[in-house]
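File shown here: entry35.tsv, holding TSV, C-alpha atoms.
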```tsv
chain	number	residue	atom	x	y	z
A	1179	MET	CA	-4.21	24.06	25.14
A	1180	LYS	CA	-4.23	20.30	24.53
A	1181	LYS	CA	-2.17	18.88	21.69
A	1182	ILE	CA	-2.72	16.30	18.97
A	1183	VAL	CA	0.49	15.19	17.27
A	1184	ILE	CA	0.48	13.22	14.02
A	1185	LEU	CA	3.66	11.43	13.00
A	1186	GLY	CA	3.93	11.06	9.22
A	1187	ALA	CA	2.54	13.29	6.47
A	1188	GLY	CA	1.99	10.53	3.96
A	1189	THR	CA	-1.45	9.36	2.83
A	1190	ALA	CA	-2.81	8.35	6.24
A	1191	GLY	CA	-1.36	11.22	8.26
A	1192	THR	CA	-2.41	13.89	5.78
A	1193	MET	CA	-5.97	12.59	5.66
A	1194	MET	CA	-6.15	12.60	9.46
A	1195	ALA	CA	-4.87	16.18	9.60
A	1196	ASN	CA	-7.59	17.28	7.18
A	1197	HIS	CA	-10.39	15.37	8.92
A	1198	LEU	CA	-9.49	16.56	12.41
A	1199	ALA	CA	-8.87	20.17	11.37
A	1200	ARG	CA	-12.55	20.33	10.39
A	1201	LYS	CA	-13.82	18.68	13.58
A	1202	ILE	CA	-11.89	19.86	16.63
A	1203	ASN	CA	-12.40	22.98	18.72
A	1204	HIS	CA	-9.29	24.98	17.82
A	1205	ARG	CA	-9.61	27.04	21.00
A	1206	GLU	CA	-9.05	23.88	23.04
A	1207	TRP	CA	-6.92	21.67	20.81
A	1208	SER	CA	-3.97	22.18	18.46
A	1209	ILE	CA	-2.75	19.83	15.74
A	1210	THR	CA	0.90	19.34	14.75
A	1211	ILE	CA	2.03	16.98	12.00
A	1212	VAL	CA	5.68	15.94	11.80
A	1213	ASP	CA	7.52	14.55	8.78
A	1214	GLU	CA	11.15	14.87	7.71
A	1215	HIS	CA	10.50	14.78	3.96
A	1216	ARG	CA	9.28	17.58	1.70
A	1217	SER	CA	7.83	15.52	-1.17
A	1218	HIS	CA	4.56	13.59	-1.17
A	1219	TYR	CA	4.47	10.66	-3.59
A	1220	TYR	CA	1.47	9.10	-5.25
A	1221	GLN	CA	2.76	5.61	-4.63
A	1222	PRO	CA	0.30	3.74	-6.90
A	1223	GLY	CA	1.95	5.66	-9.74
A	1224	PHE	CA	5.28	3.93	-9.09
A	1225	LEU	CA	3.75	0.78	-10.62
A	1226	LEU	CA	2.97	2.58	-13.88
A	1227	LEU	CA	6.03	4.82	-14.14
A	1228	PRO	CA	8.42	2.11	-15.48
A	1229	PHE	CA	6.08	1.50	-18.43
A	1230	GLY	CA	5.68	5.15	-19.39
A	1231	PHE	CA	2.09	5.70	-18.21
A	1232	TYR	CA	3.27	8.40	-15.80
A	1233	SER	CA	6.25	10.70	-15.43
A	1234	GLU	CA	7.78	12.01	-12.21
A	1235	LYS	CA	5.63	15.16	-12.31
A	1236	ASP	CA	2.50	13.00	-12.17
A	1237	VAL	CA	3.46	11.31	-8.92
A	1238	VAL	CA	5.19	14.05	-6.87
A	1239	ARG	CA	3.78	17.04	-4.97
A	1240	ASN	CA	4.84	19.15	-1.97
A	1241	LYS	CA	3.47	17.77	1.29
A	1242	ALA	CA	2.81	21.24	2.63
A	1243	ASP	CA	0.25	21.85	-0.14
A	1244	PHE	CA	-2.09	19.30	1.43
A	1245	ILE	CA	-1.75	20.26	5.10
A	1246	PRO	CA	-4.60	22.52	6.36
A	1247	GLY	CA	-3.67	26.05	7.36
A	1248	ARG	CA	-4.76	25.48	10.97
A	1249	VAL	CA	-2.32	22.56	11.32
A	1250	GLU	CA	1.33	23.16	12.23
A	1251	PHE	CA	3.69	21.28	9.87
A	1252	LEU	CA	7.12	20.49	11.32
A	1253	MET	CA	9.60	19.21	8.75
A	1254	GLU	CA	11.83	17.39	11.25
A	1255	LYS	CA	13.09	13.88	11.88
A	1256	VAL	CA	11.67	12.13	14.94
A	1257	GLU	CA	14.32	10.41	17.04
A	1258	LEU	CA	12.11	8.75	19.65
A	1259	ILE	CA	8.55	8.32	20.89
A	1260	ASP	CA	8.33	8.36	24.70
A	1261	PRO	CA	4.84	7.00	25.50
A	1262	ARG	CA	5.36	7.03	29.26
A	1263	ASN	CA	5.88	10.78	29.29
A	1264	ASN	CA	3.62	11.57	26.30
A	1265	ARG	CA	6.54	13.16	24.50
A	1266	ILE	CA	8.24	13.12	21.10
A	1267	GLN	CA	12.02	13.60	20.90
A	1268	LEU	CA	13.11	15.28	17.66
A	1269	LEU	CA	16.54	14.74	16.16
A	1270	ASN	CA	17.28	18.46	16.53
A	1271	GLY	CA	17.05	18.05	20.31
A	1272	LYS	CA	13.64	19.64	20.78
A	1273	LYS	CA	10.81	17.88	22.57
A	1274	LEU	CA	7.16	17.83	21.59
A	1275	ASP	CA	4.50	16.96	24.17
A	1276	TYR	CA	1.14	15.46	23.22
A	1277	HIS	CA	-2.19	14.50	24.74
A	1278	ILE	CA	-3.15	12.37	21.74
A	1279	LEU	CA	-0.63	10.79	19.37
A	1280	ILE	CA	-1.51	9.46	15.92
A	1281	VAL	CA	1.15	7.27	14.32
A	1282	ALA	CA	1.08	7.15	10.52
A	1283	THR	CA	4.74	6.44	9.79
A	1284	GLY	CA	4.04	3.93	7.03
A	1285	ALA	CA	6.13	1.02	5.76
A	1286	LYS	CA	9.31	0.81	3.70
A	1287	ILE	CA	11.13	-1.81	1.66
A	1288	VAL	CA	14.22	-3.21	3.37
A	1289	PRO	CA	16.35	-4.94	0.72
A	1290	ASP	CA	19.24	-5.62	3.11
A	1291	GLU	CA	17.02	-8.14	4.93
A	1292	ILE	CA	17.82	-10.59	2.11
A	1293	GLU	CA	21.43	-11.70	1.68
A	1294	GLY	CA	22.94	-10.66	-1.64
A	1295	LEU	CA	19.95	-8.64	-2.85
A	1296	GLU	CA	21.82	-5.35	-2.79
A	1297	ASP	CA	24.90	-6.70	-4.60
A	1298	SER	CA	23.38	-5.86	-7.98
A	1299	TRP	CA	20.77	-3.35	-6.80
A	1300	HIS	CA	19.43	-1.19	-9.63
A	1301	ARG	CA	21.71	-2.95	-12.13
A	1302	ASP	CA	20.14	-6.38	-12.66
A	1303	ILE	CA	17.87	-6.26	-9.60
A	1304	PHE	CA	15.19	-3.58	-9.28
A	1305	ASP	CA	12.28	-2.45	-7.16
A	1306	PHE	CA	9.30	-0.30	-8.11
A	1307	TYR	CA	8.25	0.60	-4.56
A	1308	THR	CA	10.43	3.72	-4.49
A	1309	ILE	CA	10.64	6.64	-6.91
A	1310	GLU	CA	14.34	5.88	-7.44
A	1311	GLY	CA	13.65	2.23	-8.18
A	1312	ALA	CA	10.79	2.97	-10.57
A	1313	LYS	CA	12.92	5.44	-12.54
A	1314	LYS	CA	15.91	3.08	-12.74
A	1315	LEU	CA	13.64	0.26	-13.86
A	1316	ARG	CA	12.18	2.47	-16.58
A	1317	GLU	CA	15.70	3.08	-17.89
A	1318	LYS	CA	16.47	-0.64	-17.81
A	1319	LEU	CA	13.28	-1.70	-19.60
A	1320	ALA	CA	13.76	0.93	-22.31
A	1321	ASN	CA	16.88	-0.85	-23.59
A	1322	TRP	CA	16.42	-4.43	-22.39
A	1323	GLU	CA	16.53	-7.00	-25.18
A	1324	GLY	CA	15.01	-10.01	-23.44
A	1325	GLY	CA	15.93	-13.07	-21.40
A	1326	LYS	CA	14.66	-14.42	-18.10
A	1327	MET	CA	12.53	-11.85	-16.31
A	1328	VAL	CA	11.44	-12.70	-12.77
A	1329	VAL	CA	8.94	-10.74	-10.69
A	1330	HIS	CA	9.37	-11.71	-7.07
A	1331	LEU	CA	7.55	-11.20	-3.77
A	1332	ALA	CA	9.76	-11.85	-0.73
A	1333	GLU	CA	7.22	-12.11	2.10
A	1334	MET	CA	3.97	-10.72	3.44
A	1335	PRO	CA	2.82	-8.20	4.52
A	1336	ILE	CA	3.65	-5.66	1.82
A	1337	LYS	CA	2.22	-2.35	0.69
A	1338	CYS	CA	-0.47	-2.95	-1.94
A	1339	PRO	CA	-0.46	-6.77	-2.03
A	1340	VAL	CA	-1.67	-6.94	-5.64
A	1341	ALA	CA	1.10	-4.69	-7.01
A	1342	PRO	CA	3.61	-7.49	-7.83
A	1343	LEU	CA	0.96	-9.31	-9.86
A	1344	GLU	CA	-0.02	-6.08	-11.58
A	1345	PHE	CA	3.59	-5.46	-12.50
A	1346	THR	CA	3.80	-8.96	-13.97
A	1347	PHE	CA	0.69	-8.46	-16.14
A	1348	LEU	CA	1.85	-5.01	-17.24
A	1349	SER	CA	5.26	-6.43	-18.14
A	1350	ASP	CA	3.59	-8.99	-20.40
A	1351	TRP	CA	1.65	-6.18	-22.13
A	1352	PHE	CA	4.69	-3.91	-22.36
A	1353	LEU	CA	6.84	-6.63	-23.89
A	1354	LYS	CA	4.14	-7.52	-26.42
A	1355	LYS	CA	3.93	-3.90	-27.56
A	1356	LYS	CA	7.72	-3.79	-27.95
A	1357	GLY	CA	7.71	-7.05	-29.94
A	1358	LEU	CA	9.86	-8.74	-27.28
A	1359	ARG	CA	7.42	-11.09	-25.58
A	1360	ASP	CA	8.65	-14.16	-27.48
A	1361	GLN	CA	12.19	-13.36	-26.34
A	1362	VAL	CA	11.25	-13.24	-22.64
A	1363	ASP	CA	10.68	-16.07	-20.20
A	1364	LEU	CA	8.42	-14.33	-17.65
A	1365	THR	CA	8.05	-15.85	-14.16
A	1366	TYR	CA	6.16	-14.80	-11.04
A	1367	VAL	CA	7.67	-16.06	-7.76
A	1368	THR	CA	5.77	-15.90	-4.48
A	1369	PRO	CA	6.04	-17.34	-0.95
A	1370	LEU	CA	2.27	-17.91	-1.03
A	1371	SER	CA	0.64	-21.14	-2.13
A	1372	GLY	CA	-1.26	-19.28	-4.86
A	1373	ALA	CA	-1.22	-16.08	-6.87
A	1374	PHE	CA	-2.81	-13.92	-4.14
A	1375	THR	CA	-3.77	-13.92	-0.46
A	1376	LYS	CA	-7.54	-14.16	-1.00
A	1377	GLN	CA	-8.42	-17.59	-2.40
A	1378	ILE	CA	-11.21	-16.63	-4.79
A	1379	CYS	CA	-9.18	-13.76	-6.22
A	1380	SER	CA	-6.10	-16.00	-6.33
A	1381	ASP	CA	-7.96	-18.51	-8.49
A	1382	VAL	CA	-8.99	-15.82	-10.98
A	1383	LEU	CA	-5.57	-14.21	-11.21
A	1384	GLY	CA	-3.81	-17.57	-11.30
A	1385	HIS	CA	-5.89	-18.51	-14.34
A	1386	LEU	CA	-4.82	-15.27	-16.00
A	1387	LEU	CA	-1.16	-16.16	-15.45
A	1388	VAL	CA	-1.72	-19.40	-17.36
A	1389	GLU	CA	-3.47	-17.59	-20.23
A	1390	LYS	CA	-0.61	-15.13	-20.56
A	1391	ASN	CA	2.03	-17.89	-20.50
A	1392	ILE	CA	3.54	-16.57	-17.27
A	1393	ASN	CA	5.29	-19.15	-15.12
A	1394	LEU	CA	4.18	-19.35	-11.48
A	1395	VAL	CA	6.52	-20.50	-8.71
A	1396	THR	CA	4.76	-20.80	-5.34
A	1397	ASP	CA	5.88	-21.55	-1.78
A	1398	PHE	CA	9.26	-19.95	-2.50
A	1399	SER	CA	10.74	-18.61	0.73
A	1400	ILE	CA	13.86	-16.73	-0.31
A	1401	GLU	CA	17.06	-17.12	1.69
A	1402	ARG	CA	19.61	-15.37	-0.52
A	1403	VAL	CA	20.46	-14.04	-3.96
A	1404	ASP	CA	23.61	-15.08	-5.83
A	1405	SER	CA	24.16	-12.05	-8.04
A	1406	GLN	CA	27.17	-13.67	-9.77
A	1407	ARG	CA	25.13	-16.64	-10.96
A	1408	LYS	CA	21.97	-14.49	-11.24
A	1409	GLN	CA	20.06	-16.91	-9.11
A	1410	MET	CA	17.56	-16.72	-6.24
A	1411	VAL	CA	17.87	-19.49	-3.65
A	1412	SER	CA	15.16	-20.53	-1.18
A	1413	TYR	CA	15.62	-21.95	2.31
A	1414	ASP	CA	14.88	-25.43	0.95
A	1415	GLU	CA	17.47	-24.90	-1.82
A	1416	LYS	CA	15.07	-24.35	-4.70
A	1417	LYS	CA	16.65	-22.10	-7.31
A	1418	VAL	CA	15.22	-19.59	-9.77
A	1419	ASP	CA	17.46	-18.13	-12.47
A	1420	TYR	CA	17.01	-14.60	-13.78
A	1421	ASP	CA	18.53	-12.07	-16.15
A	1422	LEU	CA	16.33	-9.28	-14.86
A	1423	LEU	CA	14.89	-9.50	-11.34
A	1424	VAL	CA	12.10	-7.18	-10.21
A	1425	THR	CA	11.58	-7.80	-6.53
A	1426	VAL	CA	9.39	-6.62	-3.68
A	1427	PRO	CA	11.71	-7.06	-0.69
A	1428	THR	CA	10.67	-7.35	2.94
A	1429	ASN	CA	8.44	-4.48	4.04
A	1430	MET	CA	8.92	-3.10	7.55
A	1431	GLY	CA	7.58	-0.28	9.65
A	1432	ASP	CA	9.68	2.79	10.32
A	1433	PRO	CA	12.87	2.22	12.35
A	1434	LEU	CA	11.51	4.88	14.75
A	1435	ILE	CA	9.03	2.27	15.99
A	1436	LYS	CA	11.84	-0.14	16.86
A	1437	ARG	CA	13.89	2.59	18.57
A	1438	SER	CA	10.83	3.45	20.65
A	1439	GLY	CA	10.16	-0.18	21.63
A	1440	MET	CA	6.61	-0.04	20.30
A	1441	GLY	CA	6.53	-2.55	17.44
A	1442	ASP	CA	6.58	-6.22	16.55
A	1443	ASP	CA	9.41	-8.00	14.71
A	1444	LEU	CA	8.62	-6.04	11.54
A	1445	ASN	CA	8.24	-2.69	13.38
A	1446	PHE	CA	4.46	-2.62	13.00
A	1447	ILE	CA	2.52	-1.41	16.03
A	1448	PRO	CA	0.05	-3.79	17.76
A	1449	THR	CA	-3.28	-2.10	17.10
A	1450	ASP	CA	-6.92	-2.89	17.81
A	1451	LYS	CA	-8.19	-3.74	14.33
A	1452	HIS	CA	-11.62	-2.17	14.96
A	1453	THR	CA	-10.94	0.97	17.05
A	1454	LEU	CA	-7.37	1.63	15.71
A	1455	GLN	CA	-6.20	2.34	19.25
A	1456	SER	CA	-2.76	1.12	20.26
A	1457	LYS	CA	-3.00	-2.04	22.34
A	1458	GLN	CA	-0.31	-0.69	24.67
A	1459	HIS	CA	-1.16	3.01	25.13
A	1460	GLU	CA	-4.70	4.34	25.31
A	1461	ASN	CA	-3.90	7.83	23.99
A	1462	ILE	CA	-1.98	6.53	20.94
A	1463	PHE	CA	-3.78	5.64	17.73
A	1464	VAL	CA	-2.35	3.98	14.63
A	1465	LEU	CA	-3.54	3.80	11.04
A	1466	GLY	CA	-2.32	3.03	7.55
A	1467	ASP	CA	0.72	0.90	6.93
A	1468	ALA	CA	2.14	1.46	10.44
A	1469	ALA	CA	-0.53	-0.74	12.07
A	1470	ASP	CA	-0.37	-4.52	12.36
A	1471	VAL	CA	-4.06	-4.99	11.55
A	1472	PRO	CA	-4.90	-7.93	9.24
A	1473	THR	CA	-5.93	-6.01	6.14
A	1474	SER	CA	-4.18	-4.70	3.04
A	1475	LYS	CA	-1.54	-2.01	3.45
A	1476	ALA	CA	-3.10	0.23	0.82
A	1477	GLY	CA	-4.31	3.78	0.38
A	1478	SER	CA	-7.98	2.79	0.27
A	1479	VAL	CA	-7.65	1.12	3.67
A	1480	ALA	CA	-6.04	4.24	5.15
A	1481	HIS	CA	-8.88	6.29	3.65
A	1482	PHE	CA	-11.56	4.22	5.36
A	1483	GLN	CA	-9.57	3.99	8.59
A	1484	ALA	CA	-9.16	7.77	8.74
A	1485	GLU	CA	-12.92	8.28	8.68
A	1486	VAL	CA	-13.42	5.73	11.48
A	1487	LEU	CA	-10.52	7.04	13.55
A	1488	THR	CA	-11.71	10.65	13.33
A	1489	GLY	CA	-14.96	9.68	15.05
A	1490	ASN	CA	-13.15	7.64	17.69
A	1491	ILE	CA	-10.72	10.43	18.51
A	1492	MET	CA	-13.57	12.90	18.88
A	1493	ASN	CA	-15.18	10.49	21.36
A	1494	PHE	CA	-11.86	9.97	23.16
A	1495	MET	CA	-11.50	13.75	23.64
A	1496	LYS	CA	-14.88	13.80	25.38
A	1497	GLY	CA	-14.18	10.72	27.50
A	1498	LYS	CA	-16.86	8.74	25.69
A	1499	ALA	CA	-16.80	5.12	24.53
A	1500	PHE	CA	-15.78	4.47	20.94
A	1501	GLN	CA	-18.76	4.37	18.61
A	1502	HIS	CA	-16.97	3.74	15.33
A	1503	SER	CA	-15.49	0.45	14.16
A	1504	SER	CA	-13.24	-0.38	11.22
A	1505	ASP	CA	-14.28	-3.44	9.24
A	1506	GLY	CA	-11.01	-3.70	7.31
A	1507	HIS	CA	-12.65	-2.36	4.16
A	1508	ALA	CA	-10.33	-2.35	1.15
A	1509	ASN	CA	-10.80	-1.89	-2.57
A	1510	CYS	CA	-8.28	-1.68	-5.34
A	1511	PHE	CA	-7.91	-1.87	-9.08
A	1512	ILE	CA	-5.69	-4.64	-10.44
A	1513	GLU	CA	-4.06	-3.87	-13.78
A	1514	SER	CA	-4.16	-6.98	-15.97
A	1515	GLY	CA	-2.55	-5.57	-19.12
A	1516	ASP	CA	-3.94	-4.96	-22.62
A	1517	GLY	CA	-5.76	-1.84	-21.37
A	1518	LYS	CA	-7.88	-3.78	-18.89
A	1519	ALA	CA	-8.09	-4.18	-15.14
A	1520	PHE	CA	-9.97	-5.90	-12.33
A	1521	LEU	CA	-11.49	-4.26	-9.28
A	1522	ILE	CA	-11.85	-5.98	-5.92
A	1523	ASP	CA	-13.74	-4.91	-2.80
A	1524	PHE	CA	-13.49	-6.80	0.49
A	1525	ASN	CA	-13.10	-6.53	4.26
A	1526	TYR	CA	-12.05	-8.61	7.28
A	1527	ASP	CA	-14.91	-11.05	6.82
A	1528	ILE	CA	-15.91	-11.02	3.14
A	1529	GLU	CA	-13.65	-12.03	0.27
A	1530	PRO	CA	-13.71	-10.32	-3.12
A	1531	VAL	CA	-16.81	-11.31	-5.08
A	1532	GLN	CA	-18.41	-10.32	-8.37
A	1533	GLY	CA	-20.86	-7.45	-8.63
A	1534	ARG	CA	-20.98	-3.74	-9.43
A	1535	PHE	CA	-19.22	-0.80	-7.74
A	1536	PRO	CA	-19.74	1.71	-6.26
A	1537	PHE	CA	-23.45	1.75	-7.18
A	1538	PRO	CA	-25.53	-1.46	-7.39
A	1539	ILE	CA	-26.61	-2.25	-10.96
A	1540	LEU	CA	-25.24	1.06	-12.29
A	1541	GLY	CA	-21.61	0.48	-11.40
A	1542	PRO	CA	-19.91	1.75	-13.52
A	1543	PHE	CA	-17.15	-0.61	-12.39
A	1544	SER	CA	-17.33	-4.41	-12.41
A	1545	LEU	CA	-16.02	-6.37	-9.44
A	1546	LEU	CA	-13.71	-9.32	-9.99
A	1547	LYS	CA	-14.08	-9.01	-13.77
A	1548	GLU	CA	-11.57	-7.80	-16.33
A	1549	THR	CA	-12.84	-4.68	-18.12
A	1550	ARG	CA	-11.51	-1.60	-19.91
A	1551	ILE	CA	-13.49	0.78	-17.72
A	1552	ASN	CA	-11.72	-0.62	-14.67
A	1553	HIS	CA	-8.41	0.30	-16.30
A	1554	LEU	CA	-9.68	3.82	-16.96
A	1555	GLY	CA	-10.81	3.99	-13.35
A	1556	LYS	CA	-7.31	3.13	-12.21
A	1557	LEU	CA	-5.89	5.99	-14.27
A	1558	ALA	CA	-8.61	8.41	-13.12
A	1559	PHE	CA	-7.96	7.63	-9.47
A	1560	ARG	CA	-4.79	9.75	-9.54
A	1561	TRP	CA	-6.92	12.90	-9.87
A	1562	MET	CA	-9.20	11.74	-7.06
A	1563	TYR	CA	-6.19	11.04	-4.86
A	1564	TRP	CA	-4.71	14.53	-5.17
A	1565	ASN	CA	-8.00	16.42	-5.08
A	1566	LEU	CA	-10.34	14.41	-2.85
A	1567	LEU	CA	-8.78	11.57	-0.89
A	1568	LEU	CA	-5.75	13.39	0.53
A	1569	ARG	CA	-7.84	16.40	1.46
A	1570	GLY	CA	-10.33	14.24	3.35
A	1571	ARG	CA	-13.20	15.07	1.02
A	1572	PRO	CA	-16.07	12.67	0.22
A	1573	MET	CA	-15.51	10.14	-2.56
A	1574	PRO	CA	-18.69	9.82	-4.67
A	1575	GLY	CA	-20.63	6.65	-3.88
A	1576	ILE	CA	-17.84	5.10	-1.79
A	1577	THR	CA	-18.80	4.18	1.77
A	1578	THR	CA	-16.50	3.83	4.77
A	1579	HIS	CA	-17.73	0.35	5.55
A	1580	MET	CA	-18.04	-2.30	2.92
A	1581	THR	CA	-21.60	-2.60	1.66
A	1582	LYS	CA	-23.11	-5.86	0.46
A	1583	ALA	CA	-25.28	-4.01	-2.05
A	1584	GLY	CA	-24.40	-4.79	-5.65
A	1585	LYS	CA	-22.35	-7.86	-4.74
A	1586	LYS	CA	-23.07	-11.46	-5.66
A	1587	LEU	CA	-22.39	-12.91	-2.24
A	1588	SER	CA	-24.28	-16.08	-3.15
A	1589	SER	CA	-21.57	-16.81	-5.69
A	1590	LEU	CA	-18.87	-17.22	-3.05
A	1591	ASN	CA	-19.05	-20.96	-3.55
A	1592	LYS	CA	-19.19	-20.83	-7.36
A	1593	GLU	CA	-16.40	-20.96	-9.89
A	1594	TYR	CA	-15.16	-17.59	-11.08
A	1595	THR	CA	-14.19	-16.69	-14.61
A	1596	HIS	CA	-13.08	-13.43	-16.19
A	1597	ALA	CA	-14.57	-11.87	-19.29
```
Show me, as structure tokens, the structure contained in the file I just sent.
Amino acid sequence: MKKIVILGAGTAGTMMANHLARKINHREWSITIVDEHRSHYYQPGFLLLPFGFYSEKDVVRNKADFIPGRVEFLMEKVELIDPRNNRIQLLNGKKLDYHILIVATGAKIVPDEIEGLEDSWHRDIFDFYTIEGAKKLREKLANWEGGKMVVHLAEMPIKCPVAPLEFTFLSDWFLKKKGLRDQVDLTYVTPLSGAFTKQICSDVLGHLLVEKNINLVTDFSIERVDSQRKQMVSYDEKKVDYDLLVTVPTNMGDPLIKRSGMGDDLNFIPTDKHTLQSKQHENIFVLGDAADVPTSKAGSVAHFQAEVLTGNIMNFMKGKAFQHSSDGHANCFIESGDGKAFLIDFNYDIEPVQGRFPFPILGPFSLLKETRINHLGKLAFRWMYWNLLLRGRPMPGITTHMTKAGKKLSSLNKEYTHA
């Protein structure tokens, strides 16, 4: 029997296991998914947990609950990938052969990449990209009395590129509700030249920063943190003071990728952005945050990639040419505070524009506009994640490839405003 091995039972790997379990001939192929951790986290919930929207029980489930019965789940740590011999070396000494390998090992924050960042970690400096960080930050915010609050992005790429901005907007809202906003100097610090990577969206969100009296520091490439002086220092010696620093450190692929000699400088695997096939090994495929493709590292992207990759793997099994192509489709809600949010939809070639989603005219969501229903959609997505997306089930009205229907593409050259 031939073997498919999936590395990583996070969002991307779990979706692939569910898709393939429905498609393959189980008399000819077996599927094994390998992950060392028991818990599956709804990572978008980490953003909301510090502000009390969610509790731990809302964002944690057992991974095994989402793995199909016809898929073998090995809860083991992978020591090495050996592409030359089509073999996985487990830490327990056992070896696992494969005919097709799917790498979905994700990305992680690496705070020790920045000098001094860990000196006051989870005391005056916090993250919200881990469950531990989100919980510690919730404790800090519950008793914090004000001062200089800095939300900081170290470098791109990161998981969910809009999350640092969302955290900034939510902080403004949270502090207003606590009656502390006038006692807080709130600053957003980014290495980018604007608020976001996509120019049109950056203009809209940058305008919102001004309206909310949030300072914006751009082109800040951090070199080190002086935790004694409570100061961030850039390579060109610019300085930003803080009392409370909420940072998104460098994101990197799993160390397994480095040990296996398969990644770039950040441990992301060189991957064909359309077929999702490894550029180095024809029987290895990569999706989600583990790939180096030029799109957002976000759950929606992994969702669309999984549907494309399932078709390509079925063709690969039969020795046929790939017939499915990823267009880099991504969509995400952007919390803007005050019970409102934006929604953006884009791909490799088309920037976020205004319009309606997922149905033209009907919506119900508005693209690149600030509305209350978008905020409710963000909250409702948690149910869809656990019950539809992870299980590889259809999402109503949402297509794998970005559709131009319902979008005001002619307005790409016009000025954007939010309502």
Distance criterion (only C-alpha atoms): nearest to Asn1445 in chain A out of A:Lys1314, A:Arg1571, A:Lys1286, A:Lys1326: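 Closest residue, counting only C-alpha atoms: A:Lys1286.
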Could I get the residues of range 1481-1533 of chain A with an atom no further than 9 Å from an atom of range 1378-1390 of chain A, each paired with its nearest atom pair and that distance in Å to one decimal, using all atoms listed in the file, sorted by chain and residue number, as a Markdown table?
```
| residue | atom | partner | partner_atom | distance |
| --- | --- | --- | --- | --- |
| A:Ser1514 | CA | A:Leu1386 | CA | 8.3 |
| A:Ile1522 | CA | A:Cys1379 | CA | 8.2 |
| A:Glu1529 | CA | A:Ile1378 | CA | 7.3 |
| A:Pro1530 | CA | A:Cys1379 | CA | 6.5 |
| A:Val1531 | CA | A:Ile1378 | CA | 7.7 |
```
Nearest to Leu1269 in chain A, chosen from A:Ile1336, A:Leu1319, A:Leu1434, A:Leu1465, with all atoms listed in the file counted in the distances: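 Answer, going by the shortest atom-to-atom distance: A:Leu1434.
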Test item: residues at most 6 Å from range 1550-1564 of chain A, all atoms listed in the file, excluding those fewer than 4 positions along its chain, as a PyMOL selection string: chain A and resi 1511+1517-1519+1543+1568
Distance in Å - CA of Tyr1232 in chain A versus CA of Asp1432 in chain A: 27.5 Å
List as JSON lines every residue of range 1387-1499 of chain A that is in contact with range 1206-1221 of chain A, defined as an atom at most 10 Å from one of its atoms (using only C-alpha atoms), together with the nearest atom pair and the distance in Å rounded to one decimal, sorted by chain and then rising number.
```
{"residue": "A:Ala1476", "atom": "CA", "partner": "A:Gln1221", "partner_atom": "CA", "distance": 9.6}
{"residue": "A:Gly1477", "atom": "CA", "partner": "A:Gln1221", "partner_atom": "CA", "distance": 8.9}
{"residue": "A:Met1495", "atom": "CA", "partner": "A:Trp1207", "partner_atom": "CA", "distance": 9.6}
```
Contacts of Asp1397 in chain A at 9 Å (only C-alpha atoms; same-chain gap of 4+ positions) as a PyMOL selection string: chain A and resi 1367-1372
Point-to-point distance in Å for CA of Lys1181 in chain A and CA of Tyr1276 in chain A: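 These two atoms are separated by 5.0 Å.
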Between CA of Leu1487 in chain A and CA of Thr1577 in chain A - distance in Å to one decimal: 14.7 Å
Selection near Pro1427 in chain A, 10 Å with all atoms listed in the file, sequence-local residues under 6 positions removed, as a VMD selection string: chain A and resid 1286 to 1292 1295 1304 to 1305 1307 1330 to 1334 1336 1400
Which residues of range 1360-1471 of chain A have any atom within 10 Å of an atom in range 1187-1198 of chain A when counting only C-alpha atoms, and what is the closest pair of atoms for each, with the distance in Å to one decimal? Order the rows by chain and rising number and write it as a Markdown table.
```
| residue | atom | partner | partner_atom | distance |
| --- | --- | --- | --- | --- |
| A:Val1464 | CA | A:Ala1190 | CA | 9.5 |
| A:Leu1465 | CA | A:Ala1190 | CA | 6.7 |
| A:Gly1466 | CA | A:Ala1190 | CA | 5.5 |
| A:Asp1467 | CA | A:Ala1190 | CA | 8.3 |
| A:Ala1468 | CA | A:Ala1190 | CA | 9.5 |
```
Residue nearest Asn1240 in chain A - candidates A:Lys1355, A:Lys1180, A:Gly1541, A:Met1253, atoms counted: all atoms listed in the file: A:Met1253
Closest of A:Leu1274, A:Ile1303, A:Leu1226, A:Val1471 to Glu1513 in chain A - atom-to-atom distances counting only C-alpha atoms: A:Leu1226
